[in-house]
Amino acid sequence: MYYPYFITYMLAGFVISVGVFIWALNNGQFKEQQRARFLPLEGELETQPVRGSRMGRLETYALFSLACCGLLASAAVLAFALWRAP
Amino acid sequence: MASSANNDRPNHRTARAFCLTSAFWFAAAASFGMIGAGYLIAPDFMANIGWLHFGKARPMHVNLMLFGFVTPGLLAAAFYYVPKLLRTALYSEKLGVFTAILWNITLPIGVVGLAQGRSQGREYAEWPWSVDMLIVVLFALVIFNLVMTVRRRLEPIIYVSIWYVCAAVILTGTTYCIGNVIWKPSTGALLGIPDAILLWFYGHNVFGLLLTPLGLGVAYYVLPLATRSPLYSHTLSLIGFWSLIVVYTHIGTHHLLQVPVPTWLKTIAIVDSVAMVIPVMVFLINIWYTVQGKLGTIHADIGAKFVFTGTIYYFFVNIQGSMMALPQVQRVTHFNNWVVGHAHIGVLGFAGVVAIGGIYYVLPKITGRPLYSRFLADLQYWLLLIGVTGFAVVLTIVGLIQGNAWLNGETVYRVLPEIHLYYILRASLGVFIISGAYIGLYNIFRTLYFNPGAATACE
Ligand code: HEM
Ligand code: HEM
């Protein structure tokens with residue numbers, strides 16, 4: 001009989017998760033969401049200008065074509081699977 | 001430009017130690033991967049050295065990648081960003097360094113244990129019992145350090161990255177004990193089907209409740225900061241976090257769809273595997289909107305470039321995963337190299353690439369110097385990208401050949417000659433990855449030590 005252990009474990013996980021959620025709610029973790037968006041940027045105000053180089057642009061194109069190849073390959077696999085499906 | 005950040009100059013020794021740990025074990029684990037790939041081409045490769053045959057090299061490769069490279073790499077960034085986001089110091093740098101040292105003692109013990117044949121023979125849970133216990137201690141130390149830092153925070157709001165990293169270590173700390181059945185030291189297993197259920201509950205949680213949340217935590221920190229854009233929506237990110245906790249925790253049985261486990265459990269696993277689209281798309285929409293129009297800036301920062309690339313693989317691996325959880329699809333894709341392809345897209349393409357990105361992003365900040373070589377980092381980027389994309393293509397093709405053949409009743413030995421060529425291709429592609437790993441190790445080592453770069457904040 002293993003079910004009782006599994007169910008106990010699941011219940012424990014559930015209760016702890018709900019507990020943490022309620023703590024977060026009461027602790028105001030879901031307030032001030034606008035300020036929260038900026039948290040990583042705090043204390044790091046220096047901005048860096050973007051230096052667009054020709055190599056950089058070429059690399060972007062290469063990456064973009066690689067991603068397209070990935071999508072095309074996936075599409076080809078799907079098309080092939082459908083075509084060969086009994 | 002003089003450094004304006006960090007007026008109290010923390011030394012970040014924990015983050016440094018974890019960066020180095022990750023880089024070292026990446027190279028070691030890739031070497032074991034190459035040995036495994038060699039055996040698949042030529043089974044008498046290395047003349048069957050007893051302590052290193054395929055059955056031993058494989059778990060060494062897999063476990064070292066998971067617990068040596070990816071997890072410490074993602075934690076390295078976390079040990080930097082958690083204190084930063086909470087505007088407090090890490091609870092104990094000494095404890096952190098001790099954790100890193102213990103980590104580096106634990107892994108060799110594990111490798112020696114596996115070499116001696118003391119594997120517990122359950123995938124992702126092969127480490128011998130003593131190593132399991134050490135890993136539980138390691139997670140407990142990390143949890144303690146992070147949770148105490150959260151308790152001492154000066155910033156009242158807990159940013160989503162911190163939710164993710166804390167959940168990852170706490171959940172893994174517990175599921176690791178349970179999945180490895182640590183209360184049965186002699187076998188580390190239950191009996192029969194319950195054992196399989198428990199194992200895959202744990203197994204998938206390694207990806208879903210360890211690597212995924214750690215990876216998302218790094219992405220949520222690095223990408224807004226690198227592009228100097230506020231997060232598109234913090235509320236959305238919290239919705240993503242809680243839906244991941246609800247959905248990801250019980251999809252493990254999708255590894256057992258062709259095994260006699262209870263049907264209701266399979267149904268839950270399938271439904272939630274498809275429902276994973278919610279947390280995944282929530283994350284991707286949020287992070288891609290955040291960086292919208294800033295691809296140039298991402299490009300200019302090698303760390304951010306790695307992390308952003310990881311998010312693209314995250315998209316691919318999850319969409320693929322949701323489809324693989326459909327029984328009809330799995331009739332072809334199960335038990336063959338398709339899954340190995342998926343595993344490399346996920347663990348390397350997403351989690352590993354994000355880990356390296358996190359390391360490269362925080363290194364200049366923790367050392368106060370630019371990376372030793374941006375060129376080497378770019379080279380590593382391309383080597384890994386070609387390697388992992390190539391793996392995905394080659395292994396998917398092999399998987400389809402094997403899956404179709406077996407579905408049509410072909411015997412294994414007739415299929416093997418057909419796929420031999422692809423195994424050679426996979427090993428060749430492995431050369432790209434292993435070169436990337438060693439180049440990364442050198443670059444990270446030189447950035448930390450003997451770095452001739454000017455001692456100002458980078459860029
Ligand atoms: C929506 C999310 C995902 C779903 C629904 C999913 C689904 C699946 C399924 C169904 C399998 C089993 C395939 C079989 O044995 O036939 C599998 C295997 C695997 N997945 Fe995923 N996956 C997801 C995301 C990920 C991610 C993010 C990672 C890595 C970080 C990952 C890593 C792996 C690995 C390593 C395996 C191989 C397990 C083995 O050794 O058999 N998956 N996944
Ligand atoms: C040098 C490059 C690499 C080579 C040659 C390589 C090779 C291999 C081989 C031969 C296997 C066993 C597959 C089988 O049993 O058929 C494997 C499994 C695996 N590798 Fe790699 N690998 C490499 C890099 C990586 C990296 C960088 C990661 C993660 C960051 C990784 C993660 C995994 C995982 C999770 C599995 C288990 C897959 C499963 O059970 O489905 N590998 N690899």
# chains A, B, ... in the order shown; residues from 1 in each chain; ligands from 1

call {"tool": "closest_atom_pairs", "arguments": {"of": "chain B", "to": "ligand 2", "cutoff": "6 Å", "atoms": "only C-alpha atoms and all ligand atoms", "output": "JSON lines"}}
result
{"residue": "B:Ala30", "atom": "CA", "partner": "ligand 2", "partner_atom_place_in_ligand_line": "1 (C)", "distance": 4.1}
{"residue": "B:Gly33", "atom": "CA", "partner": "ligand 2", "partner_atom_place_in_ligand_line": "6 (C)", "distance": 3.8}
{"residue": "B:Met34", "atom": "CA", "partner": "ligand 2", "partner_atom_place_in_ligand_line": "5 (C)", "distance": 3.9}
{"residue": "B:Gly36", "atom": "CA", "partner": "ligand 2", "partner_atom_place_in_ligand_line": "10 (C)", "distance": 4.2}
{"residue": "B:Ala37", "atom": "CA", "partner": "ligand 2", "partner_atom_place_in_ligand_line": "10 (C)", "distance": 3.8}
{"residue": "B:Arg58", "atom": "CA", "partner": "ligand 2", "partner_atom_place_in_ligand_line": "12 (C)", "distance": 5.7}
{"residue": "B:Val62", "atom": "CA", "partner": "ligand 2", "partner_atom_place_in_ligand_line": "34 (C)", "distance": 4.8}
{"residue": "B:Met65", "atom": "CA", "partner": "ligand 2", "partner_atom_place_in_ligand_line": "29 (C)", "distance": 5.0}
{"residue": "B:Val339", "atom": "CA", "partner": "ligand 2", "partner_atom_place_in_ligand_line": "41 (O)", "distance": 5.0}
{"residue": "B:Val340", "atom": "CA", "partner": "ligand 2", "partner_atom_place_in_ligand_line": "41 (O)", "distance": 3.8}
{"residue": "B:Ala343", "atom": "CA", "partner": "ligand 2", "partner_atom_place_in_ligand_line": "35 (C)", "distance": 5.1}
{"residue": "B:His344", "atom": "CA", "partner": "ligand 2", "partner_atom_place_in_ligand_line": "32 (C)", "distance": 5.1}
{"residue": "B:Val347", "atom": "CA", "partner": "ligand 2", "partner_atom_place_in_ligand_line": "29 (C)", "distance": 4.6}
{"residue": "B:Leu348", "atom": "CA", "partner": "ligand 2", "partner_atom_place_in_ligand_line": "30 (C)", "distance": 3.6}
{"residue": "B:Gly352", "atom": "CA", "partner": "ligand 2", "partner_atom_place_in_ligand_line": "30 (C)", "distance": 4.9}
{"residue": "B:Ala427", "atom": "CA", "partner": "ligand 2", "partner_atom_place_in_ligand_line": "5 (C)", "distance": 5.2}
{"residue": "B:Gly430", "atom": "CA", "partner": "ligand 2", "partner_atom_place_in_ligand_line": "2 (C)", "distance": 3.8}
{"residue": "B:Val431", "atom": "CA", "partner": "ligand 2", "partner_atom_place_in_ligand_line": "1 (C)", "distance": 6.0}
{"residue": "B:Ile433", "atom": "CA", "partner": "ligand 2", "partner_atom_place_in_ligand_line": "1 (C)", "distance": 4.9}
{"residue": "B:Ile434", "atom": "CA", "partner": "ligand 2", "partner_atom_place_in_ligand_line": "1 (C)", "distance": 4.4}

call {"tool": "write_last_selection", "arguments": {"atoms": "all heavy atoms", "output": "short mmCIF file (atom, residue, chain, number, x, y, z; two decimals), in the first residue's frame"}}
result
data_model
loop_
_atom_site.label_atom_id
_atom_site.label_comp_id
_atom_site.auth_asym_id
_atom_site.auth_seq_id
_atom_site.Cartn_x
_atom_site.Cartn_y
_atom_site.Cartn_z
N ALA B 30 31.10 17.22 -20.05
CA ALA B 30 31.11 17.11 -21.51
C ALA B 30 32.09 16.01 -21.93
O ALA B 30 31.84 15.27 -22.89
CB ALA B 30 31.48 18.45 -22.13
N GLY B 33 30.38 12.89 -21.65
CA GLY B 33 29.40 12.80 -22.75
C GLY B 33 30.06 12.32 -24.03
O GLY B 33 29.54 11.47 -24.76
N MET B 34 31.27 12.84 -24.28
CA MET B 34 31.99 12.42 -25.49
C MET B 34 32.34 10.94 -25.44
O MET B 34 32.27 10.23 -26.44
CB MET B 34 33.28 13.24 -25.65
CG MET B 34 33.09 14.64 -26.17
SD MET B 34 32.19 14.74 -27.70
CE MET B 34 33.32 14.03 -28.85
N GLY B 36 30.65 8.67 -23.83
CA GLY B 36 29.39 7.96 -24.10
C GLY B 36 29.09 7.93 -25.58
O GLY B 36 28.71 6.89 -26.14
N ALA B 37 29.28 9.08 -26.24
CA ALA B 37 28.99 9.16 -27.68
C ALA B 37 29.92 8.23 -28.44
O ALA B 37 29.52 7.60 -29.43
CB ALA B 37 29.13 10.60 -28.15
N ARG B 58 27.59 7.17 -18.83
CA ARG B 58 26.34 7.88 -19.06
C ARG B 58 25.81 8.56 -17.80
O ARG B 58 25.58 9.78 -17.81
CB ARG B 58 25.28 6.93 -19.65
CG ARG B 58 24.02 7.63 -20.08
CD ARG B 58 22.94 6.64 -20.47
NE ARG B 58 21.88 7.27 -21.21
CZ ARG B 58 20.92 8.00 -20.68
NH1 ARG B 58 20.90 8.20 -19.37
NH2 ARG B 58 19.99 8.54 -21.41
N VAL B 62 25.34 12.59 -17.21
CA VAL B 62 24.05 13.21 -16.98
C VAL B 62 24.01 13.89 -15.60
O VAL B 62 23.64 15.06 -15.48
CB VAL B 62 22.92 12.15 -17.09
CG1 VAL B 62 21.59 12.76 -16.72
CG2 VAL B 62 22.89 11.56 -18.49
N MET B 65 26.23 16.96 -15.45
CA MET B 65 25.63 18.10 -16.15
C MET B 65 24.58 18.75 -15.25
O MET B 65 24.55 19.97 -15.11
CB MET B 65 24.97 17.66 -17.46
CG MET B 65 25.92 17.43 -18.60
SD MET B 65 26.85 18.92 -18.99
CE MET B 65 27.87 18.36 -20.34
N VAL B 339 13.83 11.64 -27.53
CA VAL B 339 13.81 12.13 -26.15
C VAL B 339 15.19 12.67 -25.74
O VAL B 339 15.30 13.68 -25.04
CB VAL B 339 13.35 11.02 -25.17
CG1 VAL B 339 13.34 11.53 -23.75
CG2 VAL B 339 11.98 10.50 -25.56
N VAL B 340 16.24 12.00 -26.23
CA VAL B 340 17.59 12.49 -25.91
C VAL B 340 17.79 13.87 -26.54
O VAL B 340 18.40 14.78 -25.95
CB VAL B 340 18.66 11.48 -26.39
CG1 VAL B 340 20.04 11.95 -26.00
CG2 VAL B 340 18.39 10.10 -25.80
N ALA B 343 16.02 16.27 -24.43
CA ALA B 343 16.78 16.48 -23.18
C ALA B 343 17.90 17.49 -23.40
O ALA B 343 18.13 18.37 -22.57
CB ALA B 343 17.35 15.15 -22.69
N HIS B 344 18.61 17.38 -24.52
CA HIS B 344 19.71 18.33 -24.76
C HIS B 344 19.19 19.73 -25.08
O HIS B 344 19.81 20.72 -24.70
CB HIS B 344 20.65 17.81 -25.85
CG HIS B 344 21.54 16.70 -25.35
ND1 HIS B 344 21.19 15.37 -25.45
CD2 HIS B 344 22.73 16.72 -24.72
CE1 HIS B 344 22.14 14.63 -24.92
NE2 HIS B 344 23.09 15.42 -24.46
N VAL B 347 18.02 20.81 -21.28
CA VAL B 347 19.02 20.97 -20.22
C VAL B 347 20.20 21.80 -20.71
O VAL B 347 20.74 22.62 -19.96
CB VAL B 347 19.48 19.60 -19.70
CG1 VAL B 347 20.43 19.77 -18.54
CG2 VAL B 347 18.29 18.77 -19.26
N LEU B 348 20.60 21.63 -21.97
CA LEU B 348 21.71 22.45 -22.47
C LEU B 348 21.19 23.75 -23.10
O LEU B 348 21.56 24.84 -22.69
CB LEU B 348 22.53 21.65 -23.49
CG LEU B 348 23.57 22.44 -24.28
CD1 LEU B 348 24.55 23.12 -23.35
CD2 LEU B 348 24.34 21.52 -25.22
N GLY B 352 21.27 25.28 -19.52
CA GLY B 352 22.72 25.44 -19.56
C GLY B 352 23.12 26.78 -20.17
O GLY B 352 23.99 27.49 -19.64
N ALA B 427 28.59 12.73 -32.38
CA ALA B 427 29.88 12.88 -31.70
C ALA B 427 30.64 14.07 -32.28
O ALA B 427 31.29 14.82 -31.55
CB ALA B 427 30.69 11.60 -31.83
N GLY B 430 29.38 17.00 -30.83
CA GLY B 430 29.82 17.07 -29.43
C GLY B 430 31.17 17.79 -29.31
O GLY B 430 31.43 18.45 -28.31
N VAL B 431 31.99 17.68 -30.37
CA VAL B 431 33.29 18.35 -30.33
C VAL B 431 33.10 19.86 -30.20
O VAL B 431 33.84 20.55 -29.49
CB VAL B 431 34.12 18.00 -31.58
CG1 VAL B 431 35.43 18.79 -31.59
CG2 VAL B 431 34.39 16.51 -31.62
N ILE B 433 30.62 21.32 -28.67
CA ILE B 433 30.17 21.62 -27.30
C ILE B 433 31.33 21.49 -26.32
O ILE B 433 31.54 22.36 -25.47
CB ILE B 433 29.01 20.69 -26.91
CG1 ILE B 433 27.84 20.89 -27.86
CG2 ILE B 433 28.57 20.96 -25.47
CD1 ILE B 433 26.68 19.95 -27.65
N ILE B 434 32.10 20.42 -26.48
CA ILE B 434 33.19 20.22 -25.51
C ILE B 434 34.24 21.32 -25.68
O ILE B 434 34.79 21.83 -24.68
CB ILE B 434 33.78 18.80 -25.64
CG1 ILE B 434 34.61 18.47 -24.42
CG2 ILE B 434 34.60 18.60 -26.86
CD1 ILE B 434 35.06 17.04 -24.36
#

call {"tool": "interface_residues", "arguments": {"of": "chain B", "to": "chain A", "cutoff": "8 Å", "atoms": "only C-alpha atoms", "output": "ChimeraX atom specification"}}
result
/B:4-5,85,156-159,194,221,224-225,228-235,296-297,299-300,459

call {"tool": "write_last_selection", "arguments": {"atoms": "C-alpha atoms", "output": "short mmCIF file (atom, residue, chain, number, x, y, z; two decimals), in the first residue's frame"}}
result
data_model
loop_
_atom_site.label_atom_id
_atom_site.label_comp_id
_atom_site.auth_asym_id
_atom_site.auth_seq_id
_atom_site.Cartn_x
_atom_site.Cartn_y
_atom_site.Cartn_z
CA SER B 4 28.86 53.71 -9.22
CA ALA B 5 27.25 50.60 -7.81
CA LEU B 85 17.45 42.73 -5.20
CA PRO B 156 9.95 44.64 1.39
CA ILE B 157 8.87 43.36 -2.04
CA ILE B 158 10.27 39.99 -3.06
CA TYR B 159 11.05 40.23 -6.77
CA PRO B 194 5.16 2.78 -7.14
CA TYR B 221 16.92 39.47 -13.53
CA PRO B 224 15.41 43.78 -17.77
CA LEU B 225 18.70 44.98 -16.37
CA ARG B 228 17.50 48.94 -18.91
CA SER B 229 13.79 48.27 -19.19
CA PRO B 230 11.40 47.67 -16.32
CA LEU B 231 9.77 44.26 -16.36
CA TYR B 232 6.70 44.33 -18.61
CA SER B 233 4.48 43.14 -15.74
CA HIS B 234 5.45 41.91 -12.31
CA THR B 235 1.90 40.74 -11.65
CA GLY B 296 20.62 45.50 -30.25
CA THR B 297 21.30 46.12 -26.58
CA HIS B 299 23.42 41.74 -28.58
CA ALA B 300 25.97 44.12 -27.12
CA GLU B 459 31.60 48.63 -20.47
#

call {"tool": "residues_near_ligand", "arguments": {"ligand": "ligand 1", "cutoff": "7 Å", "atoms": "only C-alpha atoms and all ligand atoms", "output": "number ranges by chain"}}
result
B: 123, 204, 207-208, 211-212, 254-255, 273-274, 276-277, 280, 314, 317-319, 321-322, 324-325, 330, 333-335, 339-340, 342-344, 346-347, 350-351

call {"tool": "residues_around", "arguments": {"residues": "B:Leu363", "least_positions_apart": "3", "cutoff": "10 Å", "atoms": "only C-alpha atoms", "output": "PyMOL selection string"}}
result
chain B and resi 12+15-16+19+76-77+80+303+357-360+366-372+444+447-448+458

call {"tool": "write_last_selection", "arguments": {"atoms": "N, CA, C and O atoms", "output": "PDB file, in the first residue's frame"}}
result
ATOM      1  N   HIS B  12      31.419  38.929  -2.793  1.00  0.00           N
ATOM      2  CA  HIS B  12      30.761  37.943  -3.668  1.00  0.00           C
ATOM      3  C   HIS B  12      31.545  36.650  -3.792  1.00  0.00           C
ATOM      4  O   HIS B  12      31.584  36.046  -4.859  1.00  0.00           O
ATOM      5  N   ALA B  15      29.356  33.642  -4.991  1.00  0.00           N
ATOM      6  CA  ALA B  15      29.030  33.649  -6.422  1.00  0.00           C
ATOM      7  C   ALA B  15      30.253  33.252  -7.239  1.00  0.00           C
ATOM      8  O   ALA B  15      30.156  32.462  -8.190  1.00  0.00           O
ATOM      9  N   ARG B  16      31.415  33.784  -6.871  1.00  0.00           N
ATOM     10  CA  ARG B  16      32.641  33.423  -7.601  1.00  0.00           C
ATOM     11  C   ARG B  16      32.876  31.919  -7.557  1.00  0.00           C
ATOM     12  O   ARG B  16      33.173  31.277  -8.566  1.00  0.00           O
ATOM     13  N   CYS B  19      30.569  30.072  -9.794  1.00  0.00           N
ATOM     14  CA  CYS B  19      30.894  30.250 -11.224  1.00  0.00           C
ATOM     15  C   CYS B  19      31.972  29.250 -11.629  1.00  0.00           C
ATOM     16  O   CYS B  19      31.859  28.555 -12.649  1.00  0.00           O
ATOM     17  N   ALA B  76      25.017  30.449  -9.098  1.00  0.00           N
ATOM     18  CA  ALA B  76      26.059  31.488  -9.035  1.00  0.00           C
ATOM     19  C   ALA B  76      25.423  32.854  -9.249  1.00  0.00           C
ATOM     20  O   ALA B  76      25.660  33.794  -8.477  1.00  0.00           O
ATOM     21  N   ALA B  77      24.583  32.944 -10.302  1.00  0.00           N
ATOM     22  CA  ALA B  77      23.925  34.232 -10.562  1.00  0.00           C
ATOM     23  C   ALA B  77      22.999  34.585  -9.404  1.00  0.00           C
ATOM     24  O   ALA B  77      22.926  35.734  -8.969  1.00  0.00           O
ATOM     25  N   TYR B  80      24.426  36.213  -6.520  1.00  0.00           N
ATOM     26  CA  TYR B  80      24.701  37.632  -6.755  1.00  0.00           C
ATOM     27  C   TYR B  80      23.404  38.456  -6.679  1.00  0.00           C
ATOM     28  O   TYR B  80      23.337  39.470  -5.993  1.00  0.00           O
ATOM     29  N   GLY B 303      26.429  38.263 -21.844  1.00  0.00           N
ATOM     30  CA  GLY B 303      25.619  37.529 -20.868  1.00  0.00           C
ATOM     31  C   GLY B 303      24.159  37.527 -21.293  1.00  0.00           C
ATOM     32  O   GLY B 303      23.494  36.485 -21.346  1.00  0.00           O
ATOM     33  N   GLY B 357      24.972  32.353 -19.486  1.00  0.00           N
ATOM     34  CA  GLY B 357      24.633  33.774 -19.625  1.00  0.00           C
ATOM     35  C   GLY B 357      24.651  34.464 -18.272  1.00  0.00           C
ATOM     36  O   GLY B 357      25.201  35.555 -18.122  1.00  0.00           O
ATOM     37  N   GLY B 358      24.064  33.818 -17.276  1.00  0.00           N
ATOM     38  CA  GLY B 358      24.035  34.404 -15.932  1.00  0.00           C
ATOM     39  C   GLY B 358      25.453  34.619 -15.421  1.00  0.00           C
ATOM     40  O   GLY B 358      25.798  35.673 -14.880  1.00  0.00           O
ATOM     41  N   ILE B 359      26.301  33.602 -15.639  1.00  0.00           N
ATOM     42  CA  ILE B 359      27.693  33.715 -15.165  1.00  0.00           C
ATOM     43  C   ILE B 359      28.387  34.893 -15.857  1.00  0.00           C
ATOM     44  O   ILE B 359      29.001  35.749 -15.222  1.00  0.00           O
ATOM     45  N   TYR B 360      28.263  34.956 -17.201  1.00  0.00           N
ATOM     46  CA  TYR B 360      28.941  36.035 -17.922  1.00  0.00           C
ATOM     47  C   TYR B 360      28.358  37.395 -17.558  1.00  0.00           C
ATOM     48  O   TYR B 360      29.041  38.405 -17.630  1.00  0.00           O
ATOM     49  N   ILE B 366      30.847  41.190 -10.302  1.00  0.00           N
ATOM     50  CA  ILE B 366      31.430  40.752  -9.036  1.00  0.00           C
ATOM     51  C   ILE B 366      32.943  40.938  -9.001  1.00  0.00           C
ATOM     52  O   ILE B 366      33.516  41.044  -7.937  1.00  0.00           O
ATOM     53  N   THR B 367      33.577  40.994 -10.171  1.00  0.00           N
ATOM     54  CA  THR B 367      35.022  41.196 -10.144  1.00  0.00           C
ATOM     55  C   THR B 367      35.375  42.673 -10.327  1.00  0.00           C
ATOM     56  O   THR B 367      36.503  43.070 -10.039  1.00  0.00           O
ATOM     57  N   GLY B 368      34.426  43.450 -10.832  1.00  0.00           N
ATOM     58  CA  GLY B 368      34.734  44.863 -11.097  1.00  0.00           C
ATOM     59  C   GLY B 368      35.640  45.025 -12.313  1.00  0.00           C
ATOM     60  O   GLY B 368      36.202  46.085 -12.542  1.00  0.00           O
ATOM     61  N   ARG B 369      35.807  43.985 -13.076  1.00  0.00           N
ATOM     62  CA  ARG B 369      36.618  44.057 -14.293  1.00  0.00           C
ATOM     63  C   ARG B 369      35.832  43.454 -15.448  1.00  0.00           C
ATOM     64  O   ARG B 369      34.991  42.599 -15.218  1.00  0.00           O
ATOM     65  N   PRO B 370      36.149  43.870 -16.670  1.00  0.00           N
ATOM     66  CA  PRO B 370      35.455  43.243 -17.796  1.00  0.00           C
ATOM     67  C   PRO B 370      35.834  41.765 -17.910  1.00  0.00           C
ATOM     68  O   PRO B 370      36.822  41.321 -17.307  1.00  0.00           O
ATOM     69  N   LEU B 371      35.082  41.040 -18.704  1.00  0.00           N
ATOM     70  CA  LEU B 371      35.430  39.634 -18.955  1.00  0.00           C
ATOM     71  C   LEU B 371      36.845  39.563 -19.501  1.00  0.00           C
ATOM     72  O   LEU B 371      37.283  40.471 -20.205  1.00  0.00           O
ATOM     73  N   TYR B 372      37.534  38.460 -19.215  1.00  0.00           N
ATOM     74  CA  TYR B 372      38.890  38.311 -19.736  1.00  0.00           C
ATOM     75  C   TYR B 372      38.879  38.440 -21.261  1.00  0.00           C
ATOM     76  O   TYR B 372      39.686  39.154 -21.840  1.00  0.00           O
ATOM     77  N   ILE B 444      36.463  31.915 -17.903  1.00  0.00           N
ATOM     78  CA  ILE B 444      35.928  32.234 -16.575  1.00  0.00           C
ATOM     79  C   ILE B 444      37.055  32.236 -15.543  1.00  0.00           C
ATOM     80  O   ILE B 444      37.147  33.110 -14.688  1.00  0.00           O
ATOM     81  N   THR B 447      39.008  35.333 -16.005  1.00  0.00           N
ATOM     82  CA  THR B 447      38.281  36.528 -15.556  1.00  0.00           C
ATOM     83  C   THR B 447      38.384  36.656 -14.041  1.00  0.00           C
ATOM     84  O   THR B 447      38.503  37.757 -13.506  1.00  0.00           O
ATOM     85  N   LEU B 448      38.365  35.504 -13.370  1.00  0.00           N
ATOM     86  CA  LEU B 448      38.422  35.538 -11.903  1.00  0.00           C
ATOM     87  C   LEU B 448      39.841  35.747 -11.392  1.00  0.00           C
ATOM     88  O   LEU B 448      40.074  36.447 -10.418  1.00  0.00           O
ATOM     89  N   CYS B 458      32.733  47.131 -15.941  1.00  0.00           N
ATOM     90  CA  CYS B 458      32.928  46.896 -17.363  1.00  0.00           C
ATOM     91  C   CYS B 458      32.064  47.819 -18.194  1.00  0.00           C
ATOM     92  O   CYS B 458      31.158  48.465 -17.697  1.00  0.00           O
TER      93      CYS B 458
END

call {"tool": "atom_distance", "arguments": {"atom1": "atom CA of B:Asn337", "atom2": "atom CA of B:Ala392"}}
result
9.7 Å

call {"tool": "select_by_dssp", "arguments": {"residues": "stretch 89-285 of chain B", "states": "helix (DSSP H, G or I)", "output": "ChimeraX atom specification"}}
result
/B:93-115,129-151,160-179,192-227,234-248,252-256,263-275,277-285

call {"tool": "residues_around", "arguments": {"residues": "stretch 142-144 of chain B", "least_positions_apart": "3", "cutoff": "7 Å", "atoms": "only C-alpha atoms", "output": "PyMOL selection string"}}
result
chain B and resi 138-139+147-148+169-170

call {"tool": "decode", "arguments": {"residues": "stretch 8-20 of chain A", "atoms": "C-alpha atoms", "output": "PDB file, in the first residue's frame"}}
result
ATOM      1  CA  THR A   8      -0.010  12.525   2.687  1.00  0.00           C
ATOM      2  CA  TYR A   9       2.881  13.985   0.732  1.00  0.00           C
ATOM      3  CA  MET A  10       0.556  15.656  -1.765  1.00  0.00           C
ATOM      4  CA  LEU A  11      -1.551  17.099   1.023  1.00  0.00           C
ATOM      5  CA  ALA A  12       1.512  18.401   2.832  1.00  0.00           C
ATOM      6  CA  GLY A  13       2.739  20.073  -0.365  1.00  0.00           C
ATOM      7  CA  PHE A  14      -0.678  21.581  -0.967  1.00  0.00           C
ATOM      8  CA  VAL A  15      -1.042  22.917   2.575  1.00  0.00           C
ATOM      9  CA  ILE A  16       2.452  24.421   2.596  1.00  0.00           C
ATOM     10  CA  SER A  17       1.920  26.071  -0.809  1.00  0.00           C
ATOM     11  CA  VAL A  18      -1.393  27.555   0.289  1.00  0.00           C
ATOM     12  CA  GLY A  19       0.244  28.689   3.531  1.00  0.00           C
ATOM     13  CA  VAL A  20       3.030  30.470   1.666  1.00  0.00           C
TER      14      VAL A  20
END
